[in-house]
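Visitor: Attaching a single structure in structure tokens format; questions to follow.
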Number of protein chains: 2
Amino acid sequence: MMADVDAQAEHGRPRKRADARRNEQTLLDAAAAVFVAAGVEAPVRDIAAKAGVGLGTIYRHFPTRADLIIAVYRHQAEACAQAGPDLLASGIAPHLALTRWIDLFVDFLVTKHGLAAALQPDNPEYAPLHAYILDRLVPACAQLLDAAVAAGEIRSDVDALGLMHGIGNLCIGSDDPNYDARRMIELVLAGLRTPR
Amino acid sequence: MMADVDAQAEHGRPRKRADARRNEQTLLDAAAAVFVAAGVEAPVRDIAAKAGVGLGTIYRHFPTRADLIIAVYRHQAEACAQAGPDLLASGIAPHLALTRWIDLFVDFLVTKHGLAAALQPDNPEYAPLHAYILDRLVPACAQLLDAAVAAGEIRSDVDALGLMHGIGNLCIGSDDPNYDARRMIELVLAGLRTPR
DNA sequence: CAACATACGGAACCTTGTTCCGTCTGTCTA
DNA sequence: TAGACAGACGGAACAAGGTTCCGTATGTTG
């Protein structure tokens with residue numbers, strides 16, 4: 001059946017209605033604004049209100065809050081993932097590349113109020129977000145880590161997943177002026193360079 | 001003994017009614033059980049139900065969840081605070097004493113599902129808990145830290161508050177079998193011993 | 001332009017925290 | 001022991017936020 005050749009065939013699923021596409025973009029913009037103003041845990045109602053749409057609409061486009069967060073930050077996250085191979089290819093020492101990359105990751109996290117806390121894997125609401133990070137960022141980290149281990153620059157008893165989890169954790173609460181997440185992360189990295 | 005007509009005179013405030021004291025203990029026991037089974041973020045109603053009391057009763061005895069948590073774990077927290085001076089007096093190298101003490105602190109945290117996450121200072125619900133930790137545990141840590149710095153064993157650019165915050169953060173999610181909080185903390189401590 | 005699939009809005013429901021007040025009960029005194 | 005009352009009790013009621021559902025509205029297509 002379905003010998004019809006309409007736009008849907010091009011990407012395998014039916015093309016969305018124009019108003020739906022418009023609303024999706026409106027929601028992304030509204031969500032980005034609300035996340036900046038109130039953190040990624042802002043009430044769904046606030047985002048819907050900001051976008052001027054009903055609650056049903058937001059849930060139809062983004063079934064979970066995590067989907068919305070991913071959509072809003074996908075570009076930045078991809079850039080971060082991409083930076084891994086680039087740094088590695090740049091010719092600097094692997095452990096330096098790793099340090100720089102973690103800097104990028106930390107920048108990404110600390111500039112998004114509440115994002116680090118949301119990354120906790122135990123909260124089922126954020127499972128898709130977690131899966132996304134695992135999928136895109138952990139491999140990038142692993143590549144850098146492996147290179148540094150291979151170069152004998154860091155200890156070999158730490159895995160990328162655990163390191164990312166730890167770094168992410170250390171970023172939680174970085175709004176607090178009495179807490180310097182970067183210093184703690186600096187300690188972790190110094191510890192990494194220490195012999196077992 | 002002196003003519004203490006009224007037991008209240010001994011501590012300055014009126015003696016509580018017998019049923020109130022009984023309920024307080026019942027609530028502590030119920031809370032401890034529920035915390036073990038469902039974490040420290042378990043619904044207040046569950047604790048009240050387990051204790052067989054009404055909601056009003058639990059709020060009268062413990063105005064915030066943090067008060068209840070503190071009451072349940074006070075003994076263990078005090079023991080941890082006390083261990084600081086003891087370790088320092090035991091004659092081992094200060095940095096070793098610090099390491100051991102942090103081990104105790106981590107033990108305390110990782111055995112209480114959700115407690116580390118609750119320590120985040122941004123959640124106003126847990127403000128009293130946070131204040132308590134600041135009051136009792138941070139000074140203990142500071143003493144050990146100072147001793148190790150004075151002995152020239154660790155770098156001097158880390159403060160007790162930030163270190164505790166970081167260690168606490170690293171303990172979040174330690175239920176996850178793929179995450180080893182202790183290894184991350186080991187890295188931090190190794191980093192501490194590294195020259196600036 | 002008619003018909004239909006799709007999308008929309010928001011009321012309604014669920015869970016959890018928190019307050020409030022009518023009722024009940026220790027405790028104290030006469 | 002009885003009466004009075006401060007103190008404690010239970011739980012209904014309210015607030016806030018997440019999520020579902022369905023009657024209505026509107027692109028899209030033939």
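Order determines the names: the first chain of the structure tokens is A, the second B, and so forth; residues in each chain are numbered 1 upward, and ligands are numbered 1 upward as they are shown.
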Near stretch 1-17 of chain C, within 7 Å and counting only C-alpha atoms (C1' of nucleotides), which residues show up once chain neighbours fewer than 5 positions away are dropped, as an NGL selection string?

Guide: (:A and (20 or 54 or 56-57)) or (:B and (43))

Visitor: Since we have the selection now, will you write its residues out, keeping C-alpha atoms, as a PDB file, in the first residue's frame?

Guide:
ATOM      1  CA  ALA A  20       2.041  22.488  15.418  1.00  0.00           C
ATOM      2  CA  GLY A  54      -2.526  25.367  26.821  1.00  0.00           C
ATOM      3  CA  GLY A  56      -2.199  19.927  26.605  1.00  0.00           C
ATOM      4  CA  THR A  57      -0.079  21.472  23.903  1.00  0.00           C
TER       5      THR A  57
ATOM      6  CA  PRO B  43       5.729  11.681  52.149  1.00  0.00           C
TER       7      PRO B  43
END

Visitor: Residues of chain A no more than 9 Å from chain B, counting only C-alpha atoms: send them over as a ChimeraX atom specification.

Guide: /A:117,120-122,157-158,161-163,165-173,175-176,178-181,183-194

Visitor: If you keep C-alpha atoms, can you produce a file of those selected residues as a JSON list (two decimals), in the first residue's frame?

Guide:
[["chain", "number", "residue", "atom", "x", "y", "z"],
["A", 117, "ALA", "CA", 20.71, 18.54, 40.01],
["A", 120, "GLN", "CA", 20.54, 12.68, 39.07],
["A", 121, "PRO", "CA", 19.65, 9.30, 37.61],
["A", 122, "ASP", "CA", 17.24, 8.38, 40.39],
["A", 157, "ASP", "CA", 41.07, 3.09, 37.60],
["A", 158, "VAL", "CA", 38.43, 5.65, 36.73],
["A", 161, "LEU", "CA", 30.62, 7.31, 33.44],
["A", 162, "GLY", "CA", 31.71, 7.58, 37.04],
["A", 163, "LEU", "CA", 33.83, 10.62, 36.34],
["A", 165, "HIS", "CA", 28.61, 11.53, 37.35],
["A", 166, "GLY", "CA", 31.06, 12.90, 39.89],
["A", 167, "ILE", "CA", 31.79, 16.07, 37.93],
["A", 168, "GLY", "CA", 28.08, 16.62, 37.44],
["A", 169, "ASN", "CA", 27.47, 16.18, 41.13],
["A", 170, "LEU", "CA", 30.18, 18.66, 42.00],
["A", 171, "CYS", "CA", 28.41, 21.25, 39.87],
["A", 172, "ILE", "CA", 25.25, 21.04, 41.94],
["A", 173, "GLY", "CA", 24.73, 24.14, 44.01],
["A", 175, "ASP", "CA", 25.03, 29.18, 42.54],
["A", 176, "ASP", "CA", 26.00, 29.30, 46.17],
["A", 178, "ASN", "CA", 30.28, 30.01, 49.26],
["A", 179, "TYR", "CA", 30.88, 27.02, 47.08],
["A", 180, "ASP", "CA", 33.39, 26.85, 44.28],
["A", 181, "ALA", "CA", 32.59, 23.84, 42.13],
["A", 183, "ARG", "CA", 38.00, 24.21, 42.70],
["A", 184, "MET", "CA", 36.63, 20.83, 43.71],
["A", 185, "ILE", "CA", 36.82, 19.65, 40.14],
["A", 186, "GLU", "CA", 40.38, 20.90, 39.98],
["A", 187, "LEU", "CA", 41.13, 18.67, 42.96],
["A", 188, "VAL", "CA", 39.59, 15.67, 41.23],
["A", 189, "LEU", "CA", 41.68, 16.27, 38.16],
["A", 190, "ALA", "CA", 44.81, 16.71, 40.25],
["A", 191, "GLY", "CA", 43.94, 13.44, 41.94],
["A", 192, "LEU", "CA", 43.57, 11.78, 38.58],
["A", 193, "ARG", "CA", 47.17, 12.62, 37.73],
["A", 194, "THR", "CA", 48.35, 11.03, 40.93]]

Visitor: Could you pull the residues within 10 Å of A:Leu134, counting only C-alpha atoms (C1' of nucleotides), minus those fewer than 4 positions along the same chain, as a PyMOL selection string?

Guide: chain A and resi 128-130+138-140+160-161+164-165

Visitor: Could you produce a table of the residues of chain A lying within 12 Å of chain C, with the nearest pair of atoms per residue and their separation in Å rounded to one decimal, using only C-alpha atoms (C1' of nucleotides), ordered by chain and increasing residue number, as a Markdown table?

Guide:
| residue | atom | partner | partner_atom | distance |
| --- | --- | --- | --- | --- |
| A:Pro14 | CA | C:DT6 | C1' | 10.9 |
| A:Arg15 | CA | C:DT6 | C1' | 10.8 |
| A:Lys16 | CA | C:DT6 | C1' | 8.5 |
| A:Arg17 | CA | C:DT6 | C1' | 7.3 |
| A:Ala18 | CA | C:DA7 | C1' | 10.0 |
| A:Asp19 | CA | C:DA7 | C1' | 7.8 |
| A:Ala20 | CA | C:DA7 | C1' | 6.7 |
| A:Arg21 | CA | C:DA7 | C1' | 10.4 |
| A:Arg22 | CA | C:DA7 | C1' | 11.5 |
| A:Asn23 | CA | C:DA7 | C1' | 9.9 |
| A:Glu24 | CA | C:DA7 | C1' | 11.5 |
| A:Arg45 | CA | C:DG10 | C1' | 11.1 |
| A:Ala48 | CA | C:DG9 | C1' | 10.8 |
| A:Ala49 | CA | C:DG9 | C1' | 11.6 |
| A:Gly52 | CA | C:DG9 | C1' | 10.4 |
| A:Val53 | CA | C:DG9 | C1' | 7.5 |
| A:Gly54 | CA | C:DG9 | C1' | 4.9 |
| A:Leu55 | CA | C:DG10 | C1' | 7.0 |
| A:Gly56 | CA | C:DG9 | C1' | 6.9 |
| A:Thr57 | CA | C:DC8 | C1' | 6.5 |
| A:Ile58 | CA | C:DC8 | C1' | 10.2 |
| A:Tyr59 | CA | C:DC8 | C1' | 11.4 |
| A:Arg60 | CA | C:DA7 | C1' | 8.9 |
| A:His61 | CA | C:DA7 | C1' | 10.2 |

Visitor: Give the alpha helix (DSSP H) residues of stretch 13-66 of chain B, as assigned by DSSP on the backbone, as a PyMOL selection string.

Guide: chain B and resi 18-38+44-51+55-61+65-66

Visitor: Output the selection as a tab-separated table (two decimals), in the first residue's frame - N, CA and C atoms for each residue.

Guide:
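This went into result_17.tsv:
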chain	number	residue	atom	x	y	z
B	18	ALA	N	2.22	13.60	78.93
B	18	ALA	CA	2.72	12.24	78.70
B	18	ALA	C	2.42	11.75	77.30
B	19	ASP	N	1.21	12.01	76.82
B	19	ASP	CA	0.85	11.51	75.49
B	19	ASP	C	1.73	12.18	74.42
B	20	ALA	N	2.09	13.43	74.65
B	20	ALA	CA	2.93	14.14	73.68
B	20	ALA	C	4.31	13.50	73.62
B	21	ARG	N	4.86	13.20	74.78
B	21	ARG	CA	6.19	12.57	74.77
B	21	ARG	C	6.15	11.21	74.09
B	22	ARG	N	5.10	10.46	74.38
B	22	ARG	CA	4.96	9.15	73.78
B	22	ARG	C	4.87	9.27	72.25
B	23	ASN	N	4.05	10.21	71.81
B	23	ASN	CA	3.91	10.38	70.37
B	23	ASN	C	5.22	10.79	69.71
B	24	GLU	N	5.97	11.61	70.38
B	24	GLU	CA	7.23	12.06	69.79
B	24	GLU	C	8.14	10.87	69.53
B	25	GLN	N	8.22	10.00	70.52
B	25	GLN	CA	9.06	8.82	70.36
B	25	GLN	C	8.52	7.91	69.26
B	26	THR	N	7.22	7.72	69.27
B	26	THR	CA	6.59	6.89	68.24
B	26	THR	C	6.91	7.44	66.86
B	27	LEU	N	6.87	8.76	66.73
B	27	LEU	CA	7.14	9.39	65.44
B	27	LEU	C	8.59	9.18	65.03
B	28	LEU	N	9.49	9.30	65.98
B	28	LEU	CA	10.90	9.09	65.66
B	28	LEU	C	11.12	7.67	65.15
B	29	ASP	N	10.52	6.72	65.82
B	29	ASP	CA	10.68	5.32	65.40
B	29	ASP	C	10.08	5.11	64.01
B	30	ALA	N	8.88	5.64	63.82
B	30	ALA	CA	8.22	5.46	62.53
B	30	ALA	C	9.04	6.13	61.42
B	31	ALA	N	9.52	7.32	61.70
B	31	ALA	CA	10.29	8.05	60.69
B	31	ALA	C	11.55	7.27	60.32
B	32	ALA	N	12.22	6.76	61.33
B	32	ALA	CA	13.44	6.00	61.05
B	32	ALA	C	13.14	4.83	60.13
B	33	ALA	N	12.05	4.14	60.42
B	33	ALA	CA	11.68	2.98	59.61
B	33	ALA	C	11.33	3.40	58.18
B	34	VAL	N	10.55	4.47	58.06
B	34	VAL	CA	10.14	4.92	56.72
B	34	VAL	C	11.35	5.44	55.94
B	35	PHE	N	12.24	6.14	56.61
B	35	PHE	CA	13.44	6.66	55.93
B	35	PHE	C	14.25	5.51	55.34
B	36	VAL	N	14.37	4.44	56.10
B	36	VAL	CA	15.11	3.28	55.60
B	36	VAL	C	14.42	2.69	54.39
B	37	ALA	N	13.11	2.58	54.49
B	37	ALA	CA	12.36	1.92	53.43
B	37	ALA	C	12.18	2.79	52.19
B	38	ALA	N	12.02	4.08	52.39
B	38	ALA	CA	11.64	4.93	51.25
B	38	ALA	C	12.49	6.19	51.11
B	44	VAL	N	5.17	12.94	54.13
B	44	VAL	CA	4.85	13.12	55.54
B	44	VAL	C	3.68	12.22	55.95
B	45	ARG	N	2.71	12.09	55.06
B	45	ARG	CA	1.56	11.24	55.38
B	45	ARG	C	1.96	9.80	55.69
B	46	ASP	N	2.96	9.32	54.96
B	46	ASP	CA	3.38	7.94	55.19
B	46	ASP	C	3.93	7.77	56.60
B	47	ILE	N	4.69	8.76	57.02
B	47	ILE	CA	5.27	8.68	58.36
B	47	ILE	C	4.17	8.76	59.41
B	48	ALA	N	3.24	9.68	59.20
B	48	ALA	CA	2.13	9.80	60.15
B	48	ALA	C	1.35	8.50	60.21
B	49	ALA	N	1.09	7.91	59.05
B	49	ALA	CA	0.33	6.67	59.01
B	49	ALA	C	1.08	5.56	59.74
B	50	LYS	N	2.37	5.46	59.44
B	50	LYS	CA	3.18	4.42	60.09
B	50	LYS	C	3.14	4.58	61.61
B	51	ALA	N	3.15	5.82	62.05
B	51	ALA	CA	3.14	6.08	63.49
B	51	ALA	C	1.73	5.98	64.06
B	55	LEU	N	-1.97	14.11	60.89
B	55	LEU	CA	-0.99	15.00	60.27
B	55	LEU	C	-0.63	16.15	61.20
B	56	GLY	N	-1.64	16.66	61.90
B	56	GLY	CA	-1.38	17.78	62.80
B	56	GLY	C	-0.32	17.44	63.81
B	57	THR	N	-0.37	16.22	64.30
B	57	THR	CA	0.56	15.79	65.34
B	57	THR	C	2.01	15.83	64.87
B	58	ILE	N	2.23	15.34	63.65
B	58	ILE	CA	3.60	15.31	63.17
B	58	ILE	C	4.13	16.73	62.98
B	59	TYR	N	3.27	17.62	62.47
B	59	TYR	CA	3.73	19.00	62.26
B	59	TYR	C	3.92	19.74	63.58
B	60	ARG	N	3.17	19.37	64.58
B	60	ARG	CA	3.33	20.03	65.87
B	60	ARG	C	4.68	19.66	66.48
B	61	HIS	N	5.06	18.41	66.35
B	61	HIS	CA	6.32	17.96	66.95
B	61	HIS	C	7.52	18.35	66.10
B	65	ARG	N	10.37	18.97	57.83
B	65	ARG	CA	10.91	17.63	57.66
B	65	ARG	C	12.36	17.59	58.15
B	66	ALA	N	13.04	18.70	57.96
B	66	ALA	CA	14.44	18.73	58.38
B	66	ALA	C	14.57	18.49	59.88

Visitor: I'd like a table as JSON lines: residues in chain D with an atom no more than 8 Å from chain B, each row giving the shortest atom pair and its distance in Å to one decimal, only C-alpha atoms (C1' of nucleotides) counted, sorted by chain and rising residue number.

Guide:
{"residue": "D:DG7", "atom": "C1'", "partner": "B:Arg17", "partner_atom": "CA", "distance": 7.5}
{"residue": "D:DA8", "atom": "C1'", "partner": "B:Ala20", "partner_atom": "CA", "distance": 6.7}
{"residue": "D:DC9", "atom": "C1'", "partner": "B:Thr57", "partner_atom": "CA", "distance": 6.6}
{"residue": "D:DG10", "atom": "C1'", "partner": "B:Gly54", "partner_atom": "CA", "distance": 4.9}
{"residue": "D:DG11", "atom": "C1'", "partner": "B:Gly54", "partner_atom": "CA", "distance": 6.5}

Visitor: Can those selected residues be exported to a file as a PDB file, in the first residue's frame so that it contains N, CA and C atoms (P, O5', C5', C4', C3', O3' and C1' of nucleotides)?

Guide:
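Final file, again02.pdb:
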ATOM      1  P    DG D   7      -0.180  25.629  78.018  1.00  0.00           P
ATOM      2  O5'  DG D   7      -0.253  24.216  77.293  1.00  0.00           O
ATOM      3  C5'  DG D   7      -0.221  23.042  78.095  1.00  0.00           C
ATOM      4  C4'  DG D   7      -0.602  21.850  77.240  1.00  0.00           C
ATOM      5  C3'  DG D   7       0.056  21.851  75.857  1.00  0.00           C
ATOM      6  O3'  DG D   7       0.803  20.658  75.748  1.00  0.00           O
ATOM      7  C1'  DG D   7      -2.281  21.370  75.701  1.00  0.00           C
ATOM      8  P    DA D   8       1.577  20.296  74.406  1.00  0.00           P
ATOM      9  O5'  DA D   8       0.530  19.297  73.767  1.00  0.00           O
ATOM     10  C5'  DA D   8       0.193  18.124  74.487  1.00  0.00           C
ATOM     11  C4'  DA D   8      -0.746  17.269  73.677  1.00  0.00           C
ATOM     12  C3'  DA D   8      -0.286  17.023  72.243  1.00  0.00           C
ATOM     13  O3'  DA D   8      -0.380  15.627  71.986  1.00  0.00           O
ATOM     14  C1'  DA D   8      -2.511  17.860  72.266  1.00  0.00           C
ATOM     15  P    DC D   9      -0.036  15.099  70.541  1.00  0.00           P
ATOM     16  O5'  DC D   9      -1.496  14.870  69.979  1.00  0.00           O
ATOM     17  C5'  DC D   9      -2.469  14.334  70.862  1.00  0.00           C
ATOM     18  C4'  DC D   9      -3.707  13.948  70.100  1.00  0.00           C
ATOM     19  C3'  DC D   9      -3.417  13.612  68.647  1.00  0.00           C
ATOM     20  O3'  DC D   9      -3.967  12.386  68.249  1.00  0.00           O
ATOM     21  C1'  DC D   9      -5.021  15.384  68.798  1.00  0.00           C
ATOM     22  P    DG D  10      -3.531  11.790  66.817  1.00  0.00           P
ATOM     23  O5'  DG D  10      -4.819  12.124  65.934  1.00  0.00           O
ATOM     24  C5'  DG D  10      -6.080  11.698  66.392  1.00  0.00           C
ATOM     25  C4'  DG D  10      -7.150  12.140  65.440  1.00  0.00           C
ATOM     26  C3'  DG D  10      -6.916  11.751  63.982  1.00  0.00           C
ATOM     27  O3'  DG D  10      -8.133  11.272  63.449  1.00  0.00           O
ATOM     28  C1'  DG D  10      -7.062  14.133  64.162  1.00  0.00           C
ATOM     29  P    DG D  11      -8.152  10.491  62.066  1.00  0.00           P
ATOM     30  O5'  DG D  11      -8.653  11.577  61.021  1.00  0.00           O
ATOM     31  C5'  DG D  11      -9.776  12.394  61.347  1.00  0.00           C
ATOM     32  C4'  DG D  11      -9.752  13.631  60.499  1.00  0.00           C
ATOM     33  C3'  DG D  11      -9.371  13.383  59.023  1.00  0.00           C
ATOM     34  O3'  DG D  11     -10.177  14.210  58.229  1.00  0.00           O
ATOM     35  C1'  DG D  11      -8.060  15.065  59.881  1.00  0.00           C
TER      36       DG D  11
END

Visitor: Quick one: residues within 9 Å of A:Ala77, only C-alpha atoms (C1' of nucleotides), excluding same-chain residues fewer than 4 positions away - as number ranges by chain?

Guide: A: 70, 73, 81-82, 105, 108, 133, 136-137

Visitor: Please, could you write that set of residues out with N, CA and C atoms as a compact mmCIF listing (two decimals), in the first residue's frame?

Guide:
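Here's the written file out-v9.txt:
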# COMPACT_ATOMS: atom_id res chain seq x y z
N ILE A 70 16.15 18.74 26.83
CA ILE A 70 17.06 18.26 25.80
C ILE A 70 16.92 19.09 24.54
N TYR A 73 18.56 22.51 24.92
CA TYR A 73 20.02 22.57 25.03
C TYR A 73 20.76 21.65 24.07
N ALA A 81 29.98 17.72 22.88
CA ALA A 81 30.38 16.38 22.45
C ALA A 81 31.40 16.47 21.32
N GLN A 82 31.12 17.36 20.40
CA GLN A 82 32.00 17.51 19.25
C GLN A 82 33.40 18.01 19.64
N PHE A 105 32.38 21.20 29.70
CA PHE A 105 31.22 20.52 30.28
C PHE A 105 30.72 21.27 31.52
N PHE A 108 28.97 24.38 30.61
CA PHE A 108 27.63 24.04 30.14
C PHE A 108 26.68 23.86 31.33
N ILE A 133 22.58 12.28 27.78
CA ILE A 133 23.95 12.59 28.22
C ILE A 133 24.83 11.35 28.08
N ARG A 136 25.64 10.81 24.36
CA ARG A 136 26.43 11.75 23.60
C ARG A 136 27.69 12.22 24.29
N LEU A 137 27.58 12.47 25.59
CA LEU A 137 28.72 13.08 26.27
C LEU A 137 29.67 12.06 26.88
